[in-house]
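S.K.: Encoded as structure tokens, here's the structure I'll be asking about.
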Amino acid sequence: MTQANPPAGTGASHRPDPDRTYDVALLGAHLATGMLAAILARAGLRVLVAGVPQDATELSGETTVPYTAEVFMLLADRFEVPEIAAFGRFSDLPADLRRGSGIKRSLGFLYHREGTAQDPRESVQFNVPGEHTEWHPYRPDVDRYAIRVAEKYGVVTVPAGVVAEDAWVEDGAEGRVRCDDGTVYRARFLVDCAGPRSPLVRRHGGDDTEPRLQHRSRVLAARMRGVAPFEDLVDGSRYPRASAWSQGTVHHLFDGGWLQLASFGNHGHSTNDGTSVTLSLDPDAFPDLPADPGQAFRAVVDRFPDLKRQFDTAVPDAWRDVPLIQRTAARTHGDRWFALERSAVRDDLLLARDVTMTAELVHALAGALIPALREGDLSAGRFAEVARFQERLAAFHDAWLAGARAACADFALLNAFCRVWLLWQILADLSLKRARLDCKHAAARSGRPDWSPVERFDLGGVWFRAPGGLRELIDFTMDTLGQVRSGALAPRIAADDLFARLRRDAFVPPLYAFGDPAARIYRFTFLKRLQMLWWVKTKAPADFRRLLTQDNVTSVSTRSSR
């Protein structure tokens, strides 16, 4: 595996100084800490990053969606770190980073039933519009590159091979980080993004005995070589108009679980022939699997003929088996410290929410931490709103995951669920882009930046202005899926209810045909672009029409793909 080149002007020569007091010390060396450290350093703060032992083993998302890219763009624009924008556009990344990671031209959903071949009528594919360049980030390379971006801005990192083993706040006045070489570093504020066995979480009550999340899953994950592309195993004529499945993220779904595949070697310039493979299972639905993760994986995929063939020659690098991936910290902030992302909460890796939430949480904490450090108020109350947002965002993500698990009971319901999820992604992407551009234009006119439109953290998962009806549709969907989980509603009836709602709600563009169960392949066409523009000009609700200003029109129209 080739390692990505660091950006020009790297600050790698900076040596950590135990006699210096840094403004912020971050625990963990990966995408989240790299972005946050770069942002803080760009703001003129003195920043130290110390890796932790679990950096190399903690499960991390390896897919993105267009909304992910928009959050990266917000970080880049608001905090003036242009390198972050490239994380949202595969074509803008350094060549070495692109060679190790994969492209993403679609999201595929293939439903499976035990003992039978996959039925093409039980498949859905969303093709990513051409102006987007989503990707499958190979996290070892991407995490290293994020730290090198931070070093470019003057961030100091502990020496290679040295990791943090403990952290605490000394007498409420100053943070301390002790590394395994015995060195202790000082900082005014600590951000713990270490993941499991987080030092600060451990010192403040540890993890909740019962995670404050609905979803439950055992996760088996590995990067594998020799995974056959699904399109090579089946008769392509039975999947008319579908693009090559391996060119995007593939989700194999079945009652009680799913298997997500993200290929790194799916383009001509790749030097990485691996595939990110993540199997998520309802522990109650699969209670008697072998303890050995490789044997457990085979015991599941062998139930489904096409999956068995897809993995016949696959070889894992190393298995990671998490009997219960869900985890929530009892306490996530205090005077002079904050537990972020993987230290505060962990949940299933599906639909690119891991990488997306990382960017969303970095945005929220950076916006609060920079003025707090400048004003010298590092009390717990200063970060309470960010902590509440982190909890709300995690709950929002968890609701989608629990909903997806319920939807796997029957393809009809999964088919409907996918439409609601895609509509949310489209409108979240467009709404955040509109808010970001409005903030930039207002700042250009007045000379005074105001980012409050993208700080509506009290709204939870959709933390900016969105078209009327979107939040209500999401709530209706989650309530419907909850009734399926409880047994109060049959999956087919629930599917009919969701499709009917999609046909009825005025803010849902009719040309998407989201309310048509038979419209299972979504692809951009020129005709769809014209139809979208006509609907916006003549029938779209006003708060949807506001998204279609000149600097957003191409992005909106090209999402109409079927």
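Scheme for the structure tokens: letters A, B, ... for chains in order shown; per-chain residue numbers from 1; ligand numbers from 1 in order shown.
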Do you know which residues are at most 10 Å from Ala86 in chain A counting only C-alpha atoms, after dropping those on the same chain fewer than 4 positions away, and could you put them as a VMD selection string?
M.R.: chain A and resid 69 72 to 73 76 82 90 to 94
S.K.: Selected residues, N, CA, C and O atoms, written as a compact mmCIF listing (two decimals), in the first residue's frame, please.
M.R.:
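selection00.txt, freshly written:
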# COMPACT_ATOMS: atom_id res chain seq x y z
N ALA A 69 -19.84 15.39 1.48
CA ALA A 69 -18.98 16.36 0.77
C ALA A 69 -19.37 17.78 1.12
O ALA A 69 -18.51 18.67 1.26
N PHE A 72 -17.92 18.78 4.42
CA PHE A 72 -16.50 19.09 4.23
C PHE A 72 -16.33 20.49 3.63
O PHE A 72 -15.43 21.25 4.03
N MET A 73 -17.17 20.84 2.65
CA MET A 73 -17.09 22.17 2.05
C MET A 73 -17.37 23.26 3.09
O MET A 73 -16.72 24.31 3.10
N ALA A 76 -14.29 23.72 5.20
CA ALA A 76 -13.23 24.41 4.45
C ALA A 76 -13.51 25.90 4.34
O ALA A 76 -12.61 26.74 4.51
N PRO A 82 -8.67 25.02 3.11
CA PRO A 82 -9.15 24.50 1.82
C PRO A 82 -8.88 23.02 1.61
O PRO A 82 -9.59 22.36 0.85
N PHE A 90 -13.22 13.36 -4.73
CA PHE A 90 -12.16 12.39 -5.00
C PHE A 90 -11.15 12.95 -6.00
O PHE A 90 -9.94 12.78 -5.84
N SER A 91 -11.63 13.65 -7.02
CA SER A 91 -10.74 14.14 -8.07
C SER A 91 -9.78 15.22 -7.58
O SER A 91 -8.76 15.47 -8.22
N ASP A 92 -10.07 15.85 -6.44
CA ASP A 92 -9.21 16.91 -5.91
C ASP A 92 -8.17 16.40 -4.92
O ASP A 92 -7.32 17.18 -4.46
N LEU A 93 -8.22 15.12 -4.59
CA LEU A 93 -7.27 14.57 -3.63
C LEU A 93 -5.90 14.34 -4.27
O LEU A 93 -5.80 14.20 -5.50
N PRO A 94 -4.84 14.30 -3.47
CA PRO A 94 -3.53 13.98 -4.02
C PRO A 94 -3.56 12.62 -4.72
O PRO A 94 -4.28 11.70 -4.32
S.K.: Counting only C-alpha atoms, give me one row per residue of range 304-359 of chain A with an atom at most 10 Å from an atom of range 382-399 of chain A, showing the shortest contact pair and its distance in Å to one decimal, sorted by chain then residue number, as a Markdown table.
M.R.:
| residue | atom | partner | partner_atom | distance |
| --- | --- | --- | --- | --- |
| A:Gln326 | CA | A:Asp398 | CA | 9.5 |
| A:Thr328 | CA | A:Glu391 | CA | 9.2 |
| A:Arg331 | CA | A:Ala387 | CA | 9.3 |
| A:Thr332 | CA | A:Ala387 | CA | 6.8 |
| A:His333 | CA | A:Ala387 | CA | 7.0 |
| A:Gly334 | CA | A:Phe383 | CA | 8.1 |
| A:Asp335 | CA | A:Arg382 | CA | 8.8 |
| A:Arg336 | CA | A:Phe383 | CA | 9.5 |
| A:Trp337 | CA | A:Phe383 | CA | 9.1 |
| A:Phe338 | CA | A:Phe383 | CA | 7.9 |
| A:Ala339 | CA | A:Ala387 | CA | 8.7 |
| A:Leu340 | CA | A:Gln390 | CA | 8.1 |
| A:Glu341 | CA | A:Gln390 | CA | 7.9 |
| A:Ala344 | CA | A:Gln390 | CA | 8.3 |
| A:Val345 | CA | A:Ala394 | CA | 7.2 |
| A:Arg346 | CA | A:Ala394 | CA | 8.3 |
| A:Asp347 | CA | A:Asp398 | CA | 7.1 |
| A:Asp348 | CA | A:Asp398 | CA | 8.1 |
| A:Leu350 | CA | A:His397 | CA | 9.6 |
| A:Leu351 | CA | A:His397 | CA | 9.8 |
| A:Arg353 | CA | A:His397 | CA | 7.0 |
| A:Asp354 | CA | A:His397 | CA | 9.1 |
| A:Met357 | CA | A:Leu393 | CA | 7.7 |
S.K.: Which is closest to Phe189 in chain A among A:Arg46, A:Arg320, A:Arg241, A:His132, if we use only C-alpha atoms?
M.R.: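 Going through A:Arg46, A:Arg320, A:Arg241, A:His132 one by one, the smallest distance to Phe189 in chain A is for A:Arg46.
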S.K.: Which residues are near Leu432 in chain A? Cut-off 8 Å, only C-alpha atoms, ignore same chain within fewer than 4 positions. Put them as number ranges by chain.
M.R.: A: 70-71, 428, 436, 454, 464-465
S.K.: Would you tabulate, counting only C-alpha atoms, all residues of range 349-466 of chain A that have an atom at most 12 Å from an atom of range 478-482 of chain A, showing the closest pair of atoms and their distance in Å to one decimal, sorted by chain then ascending number, as JSON lines?
M.R.:
{"residue": "A:Ala395", "atom": "CA", "partner": "A:Met478", "partner_atom": "CA", "distance": 11.8}
{"residue": "A:Phe396", "atom": "CA", "partner": "A:Met478", "partner_atom": "CA", "distance": 9.9}
{"residue": "A:His397", "atom": "CA", "partner": "A:Met478", "partner_atom": "CA", "distance": 11.3}
{"residue": "A:Asp398", "atom": "CA", "partner": "A:Met478", "partner_atom": "CA", "distance": 10.6}
{"residue": "A:Ala399", "atom": "CA", "partner": "A:Met478", "partner_atom": "CA", "distance": 6.9}
{"residue": "A:Trp400", "atom": "CA", "partner": "A:Met478", "partner_atom": "CA", "distance": 7.5}
{"residue": "A:Leu401", "atom": "CA", "partner": "A:Met478", "partner_atom": "CA", "distance": 10.2}
{"residue": "A:Ala402", "atom": "CA", "partner": "A:Leu481", "partner_atom": "CA", "distance": 8.3}
{"residue": "A:Gly403", "atom": "CA", "partner": "A:Leu481", "partner_atom": "CA", "distance": 5.6}
{"residue": "A:Ala404", "atom": "CA", "partner": "A:Leu481", "partner_atom": "CA", "distance": 8.5}
{"residue": "A:Arg405", "atom": "CA", "partner": "A:Leu481", "partner_atom": "CA", "distance": 9.1}
{"residue": "A:Ala406", "atom": "CA", "partner": "A:Leu481", "partner_atom": "CA", "distance": 6.2}
{"residue": "A:Ala407", "atom": "CA", "partner": "A:Leu481", "partner_atom": "CA", "distance": 7.1}
{"residue": "A:Cys408", "atom": "CA", "partner": "A:Leu481", "partner_atom": "CA", "distance": 10.6}
{"residue": "A:Ala409", "atom": "CA", "partner": "A:Leu481", "partner_atom": "CA", "distance": 10.5}
{"residue": "A:Asp410", "atom": "CA", "partner": "A:Leu481", "partner_atom": "CA", "distance": 11.8}
{"residue": "A:Leu413", "atom": "CA", "partner": "A:Leu481", "partner_atom": "CA", "distance": 8.9}
{"residue": "A:Leu414", "atom": "CA", "partner": "A:Leu481", "partner_atom": "CA", "distance": 10.3}
{"residue": "A:Ala416", "atom": "CA", "partner": "A:Leu481", "partner_atom": "CA", "distance": 10.8}
{"residue": "A:Phe417", "atom": "CA", "partner": "A:Leu481", "partner_atom": "CA", "distance": 8.9}
{"residue": "A:Val420", "atom": "CA", "partner": "A:Met478", "partner_atom": "CA", "distance": 10.3}
{"residue": "A:Trp421", "atom": "CA", "partner": "A:Met478", "partner_atom": "CA", "distance": 10.9}
S.K.: Would you mind exporting the chosen residues as a PDB file, in the first residue's frame, restricted to N, CA and C atoms?
M.R.:
ATOM      1  N   ALA A 395     -28.514  10.078  18.222  1.00  0.00           N
ATOM      2  CA  ALA A 395     -29.851   9.495  18.276  1.00  0.00           C
ATOM      3  C   ALA A 395     -30.515   9.506  16.905  1.00  0.00           C
ATOM      4  N   PHE A 396     -30.296  10.556  16.145  1.00  0.00           N
ATOM      5  CA  PHE A 396     -30.845  10.672  14.788  1.00  0.00           C
ATOM      6  C   PHE A 396     -30.256   9.582  13.894  1.00  0.00           C
ATOM      7  N   HIS A 397     -28.946   9.436  13.948  1.00  0.00           N
ATOM      8  CA  HIS A 397     -28.260   8.384  13.189  1.00  0.00           C
ATOM      9  C   HIS A 397     -28.763   7.013  13.625  1.00  0.00           C
ATOM     10  N   ASP A 398     -28.898   6.819  14.915  1.00  0.00           N
ATOM     11  CA  ASP A 398     -29.340   5.532  15.439  1.00  0.00           C
ATOM     12  C   ASP A 398     -30.755   5.198  14.986  1.00  0.00           C
ATOM     13  N   ALA A 399     -31.607   6.213  14.886  1.00  0.00           N
ATOM     14  CA  ALA A 399     -32.975   5.984  14.416  1.00  0.00           C
ATOM     15  C   ALA A 399     -32.978   5.478  12.977  1.00  0.00           C
ATOM     16  N   TRP A 400     -32.111   6.021  12.137  1.00  0.00           N
ATOM     17  CA  TRP A 400     -31.995   5.532  10.755  1.00  0.00           C
ATOM     18  C   TRP A 400     -31.511   4.082  10.747  1.00  0.00           C
ATOM     19  N   LEU A 401     -30.559   3.769  11.604  1.00  0.00           N
ATOM     20  CA  LEU A 401     -30.043   2.399  11.647  1.00  0.00           C
ATOM     21  C   LEU A 401     -31.117   1.416  12.130  1.00  0.00           C
ATOM     22  N   ALA A 402     -31.811   1.777  13.194  1.00  0.00           N
ATOM     23  CA  ALA A 402     -32.885   0.917  13.686  1.00  0.00           C
ATOM     24  C   ALA A 402     -33.974   0.777  12.629  1.00  0.00           C
ATOM     25  N   GLY A 403     -34.237   1.863  11.907  1.00  0.00           N
ATOM     26  CA  GLY A 403     -35.212   1.808  10.829  1.00  0.00           C
ATOM     27  C   GLY A 403     -34.771   0.901   9.705  1.00  0.00           C
ATOM     28  N   ALA A 404     -33.501   0.970   9.355  1.00  0.00           N
ATOM     29  CA  ALA A 404     -32.974   0.107   8.294  1.00  0.00           C
ATOM     30  C   ALA A 404     -33.089  -1.354   8.687  1.00  0.00           C
ATOM     31  N   ARG A 405     -32.796  -1.673   9.960  1.00  0.00           N
ATOM     32  CA  ARG A 405     -32.912  -3.048  10.416  1.00  0.00           C
ATOM     33  C   ARG A 405     -34.357  -3.530  10.316  1.00  0.00           C
ATOM     34  N   ALA A 406     -35.303  -2.686  10.712  1.00  0.00           N
ATOM     35  CA  ALA A 406     -36.714  -3.051  10.600  1.00  0.00           C
ATOM     36  C   ALA A 406     -37.117  -3.222   9.140  1.00  0.00           C
ATOM     37  N   ALA A 407     -36.602  -2.368   8.268  1.00  0.00           N
ATOM     38  CA  ALA A 407     -36.953  -2.426   6.849  1.00  0.00           C
ATOM     39  C   ALA A 407     -36.452  -3.706   6.192  1.00  0.00           C
ATOM     40  N   CYS A 408     -35.410  -4.311   6.763  1.00  0.00           N
ATOM     41  CA  CYS A 408     -34.853  -5.541   6.182  1.00  0.00           C
ATOM     42  C   CYS A 408     -35.782  -6.738   6.355  1.00  0.00           C
ATOM     43  N   ALA A 409     -36.892  -6.571   7.055  1.00  0.00           N
ATOM     44  CA  ALA A 409     -37.827  -7.678   7.231  1.00  0.00           C
ATOM     45  C   ALA A 409     -38.485  -8.072   5.918  1.00  0.00           C
ATOM     46  N   ASP A 410     -38.567  -7.113   4.965  1.00  0.00           N
ATOM     47  CA  ASP A 410     -39.245  -7.400   3.701  1.00  0.00           C
ATOM     48  C   ASP A 410     -38.763  -6.401   2.651  1.00  0.00           C
ATOM     49  N   LEU A 413     -40.715  -3.039   2.125  1.00  0.00           N
ATOM     50  CA  LEU A 413     -40.452  -1.987   3.108  1.00  0.00           C
ATOM     51  C   LEU A 413     -39.064  -1.396   2.911  1.00  0.00           C
ATOM     52  N   LEU A 414     -38.084  -2.233   2.603  1.00  0.00           N
ATOM     53  CA  LEU A 414     -36.743  -1.725   2.327  1.00  0.00           C
ATOM     54  C   LEU A 414     -36.758  -0.784   1.131  1.00  0.00           C
ATOM     55  N   ALA A 416     -39.185   1.146   0.131  1.00  0.00           N
ATOM     56  CA  ALA A 416     -39.731   2.430   0.558  1.00  0.00           C
ATOM     57  C   ALA A 416     -38.752   3.196   1.439  1.00  0.00           C
ATOM     58  N   PHE A 417     -38.107   2.484   2.361  1.00  0.00           N
ATOM     59  CA  PHE A 417     -37.134   3.114   3.258  1.00  0.00           C
ATOM     60  C   PHE A 417     -36.023   3.798   2.457  1.00  0.00           C
ATOM     61  N   VAL A 420     -37.039   7.269   1.149  1.00  0.00           N
ATOM     62  CA  VAL A 420     -37.061   8.330   2.155  1.00  0.00           C
ATOM     63  C   VAL A 420     -35.645   8.743   2.513  1.00  0.00           C
ATOM     64  N   TRP A 421     -34.762   7.755   2.666  1.00  0.00           N
ATOM     65  CA  TRP A 421     -33.372   8.074   2.999  1.00  0.00           C
ATOM     66  C   TRP A 421     -32.726   8.922   1.906  1.00  0.00           C
TER      67      TRP A 421
END
S.K.: Do a neighbour search on Gly515 in chain A at 12 Å with only C-alpha atoms, toss out local chain neighbours closer than 5 positions, and write the hits as a list in words.
M.R.: Asn415, Ala416, Phe417, Cys418, Arg419, Val420, Leu423, Ala495, Asp496, Asp497, Leu498, Phe499, Ala500, Arg501, Leu502, Arg503, Arg504, Asp505, Ala506, Val508, Pro509, Pro510 and Arg520 of chain A
S.K.: As a list in words, please: all residues of range 280-322 of chain A that backbone DSSP puts in helix (DSSP H, G or I).
M.R.: Pro293, Gly294, Gln295, Ala296, Phe297, Arg298, Ala299, Val300, Val301, Pro305, Asp306, Leu307, Lys308, Arg309 and Gln310 of chain A
S.K.: Emit the selected residues as a compact mmCIF listing (two decimals), in the first residue's frame, including all heavy atoms.
M.R.:
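The result, written out as part.txt:
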# COMPACT_ATOMS: atom_id res chain seq x y z
N PRO A 293 -14.50 -15.20 14.25
CA PRO A 293 -15.15 -14.29 13.31
C PRO A 293 -15.16 -14.77 11.87
O PRO A 293 -16.15 -14.58 11.16
CB PRO A 293 -14.36 -12.99 13.47
CG PRO A 293 -13.07 -13.39 14.10
CD PRO A 293 -13.37 -14.57 14.94
N GLY A 294 -14.08 -15.40 11.43
CA GLY A 294 -14.06 -15.92 10.06
C GLY A 294 -15.10 -17.00 9.85
O GLY A 294 -15.80 -17.04 8.82
N GLN A 295 -15.22 -17.91 10.81
CA GLN A 295 -16.22 -18.96 10.71
C GLN A 295 -17.63 -18.39 10.81
O GLN A 295 -18.55 -18.84 10.11
CB GLN A 295 -15.99 -19.99 11.81
CG GLN A 295 -14.70 -20.78 11.68
CD GLN A 295 -14.49 -21.74 12.84
OE1 GLN A 295 -15.39 -22.01 13.62
NE2 GLN A 295 -13.27 -22.26 12.95
N ALA A 296 -17.81 -17.39 11.66
CA ALA A 296 -19.12 -16.76 11.78
C ALA A 296 -19.52 -16.07 10.48
O ALA A 296 -20.68 -16.17 10.03
CB ALA A 296 -19.11 -15.75 12.92
N PHE A 297 -18.56 -15.39 9.85
CA PHE A 297 -18.83 -14.73 8.58
C PHE A 297 -19.27 -15.76 7.53
O PHE A 297 -20.27 -15.56 6.83
CB PHE A 297 -17.57 -13.99 8.11
CG PHE A 297 -17.74 -13.26 6.80
CD1 PHE A 297 -18.29 -11.99 6.76
CD2 PHE A 297 -17.33 -13.85 5.61
CE1 PHE A 297 -18.45 -11.32 5.56
CE2 PHE A 297 -17.48 -13.18 4.40
CZ PHE A 297 -18.04 -11.92 4.38
N ARG A 298 -18.54 -16.85 7.41
CA ARG A 298 -18.88 -17.88 6.43
C ARG A 298 -20.23 -18.51 6.73
O ARG A 298 -21.01 -18.82 5.82
CB ARG A 298 -17.79 -18.96 6.40
CG ARG A 298 -16.47 -18.49 5.83
CD ARG A 298 -16.57 -18.22 4.35
NE ARG A 298 -15.34 -17.63 3.83
CZ ARG A 298 -15.17 -17.28 2.56
NH1 ARG A 298 -16.14 -17.46 1.69
NH2 ARG A 298 -14.03 -16.75 2.16
N ALA A 299 -20.53 -18.69 8.02
CA ALA A 299 -21.81 -19.29 8.38
C ALA A 299 -22.98 -18.43 7.93
O ALA A 299 -24.07 -18.95 7.61
CB ALA A 299 -21.87 -19.50 9.90
N VAL A 300 -22.78 -17.11 7.85
CA VAL A 300 -23.84 -16.21 7.40
C VAL A 300 -23.90 -16.17 5.87
O VAL A 300 -24.95 -16.42 5.27
CB VAL A 300 -23.65 -14.79 7.97
CG1 VAL A 300 -24.67 -13.83 7.36
CG2 VAL A 300 -23.78 -14.81 9.48
N VAL A 301 -22.77 -15.87 5.21
CA VAL A 301 -22.82 -15.69 3.75
C VAL A 301 -23.16 -16.99 3.03
O VAL A 301 -23.77 -16.96 1.95
CB VAL A 301 -21.51 -15.09 3.21
CG1 VAL A 301 -21.25 -13.72 3.82
CG2 VAL A 301 -20.33 -16.01 3.42
N PRO A 305 -26.83 -18.01 -1.72
CA PRO A 305 -25.99 -18.56 -2.79
C PRO A 305 -25.10 -17.53 -3.48
O PRO A 305 -23.92 -17.81 -3.72
CB PRO A 305 -27.02 -19.17 -3.75
CG PRO A 305 -28.19 -19.51 -2.89
CD PRO A 305 -28.24 -18.44 -1.84
N ASP A 306 -25.63 -16.37 -3.83
CA ASP A 306 -24.81 -15.39 -4.54
C ASP A 306 -23.72 -14.80 -3.65
O ASP A 306 -22.62 -14.50 -4.12
CB ASP A 306 -25.69 -14.28 -5.11
CG ASP A 306 -26.55 -14.76 -6.27
OD1 ASP A 306 -26.09 -15.67 -7.00
OD2 ASP A 306 -27.67 -14.25 -6.45
N LEU A 307 -24.00 -14.64 -2.37
CA LEU A 307 -22.97 -14.15 -1.46
C LEU A 307 -21.89 -15.21 -1.27
O LEU A 307 -20.69 -14.88 -1.20
CB LEU A 307 -23.58 -13.77 -0.12
CG LEU A 307 -24.52 -12.57 -0.11
CD1 LEU A 307 -24.95 -12.24 1.31
CD2 LEU A 307 -23.86 -11.35 -0.75
N LYS A 308 -22.28 -16.44 -1.17
CA LYS A 308 -21.30 -17.52 -1.04
C LYS A 308 -20.33 -17.49 -2.21
O LYS A 308 -19.11 -17.59 -2.03
CB LYS A 308 -22.00 -18.87 -0.95
CG LYS A 308 -21.06 -20.06 -0.74
CD LYS A 308 -21.84 -21.35 -0.63
CE LYS A 308 -20.91 -22.52 -0.26
NZ LYS A 308 -19.84 -22.73 -1.25
N ARG A 309 -20.86 -17.34 -3.42
CA ARG A 309 -20.00 -17.30 -4.61
C ARG A 309 -19.13 -16.04 -4.62
O ARG A 309 -17.97 -16.07 -5.04
CB ARG A 309 -20.85 -17.35 -5.87
CG ARG A 309 -21.54 -18.70 -6.08
CD ARG A 309 -22.08 -18.81 -7.50
NE ARG A 309 -23.10 -17.82 -7.77
CZ ARG A 309 -23.22 -17.17 -8.92
NH1 ARG A 309 -22.36 -17.39 -9.91
NH2 ARG A 309 -24.19 -16.30 -9.11
N GLN A 310 -19.67 -14.93 -4.15
CA GLN A 310 -18.91 -13.68 -4.17
C GLN A 310 -17.67 -13.75 -3.28
O GLN A 310 -16.65 -13.12 -3.55
CB GLN A 310 -19.79 -12.50 -3.75
CG GLN A 310 -19.11 -11.15 -3.94
CD GLN A 310 -20.07 -9.98 -3.86
OE1 GLN A 310 -21.14 -10.07 -3.27
NE2 GLN A 310 -19.69 -8.85 -4.44
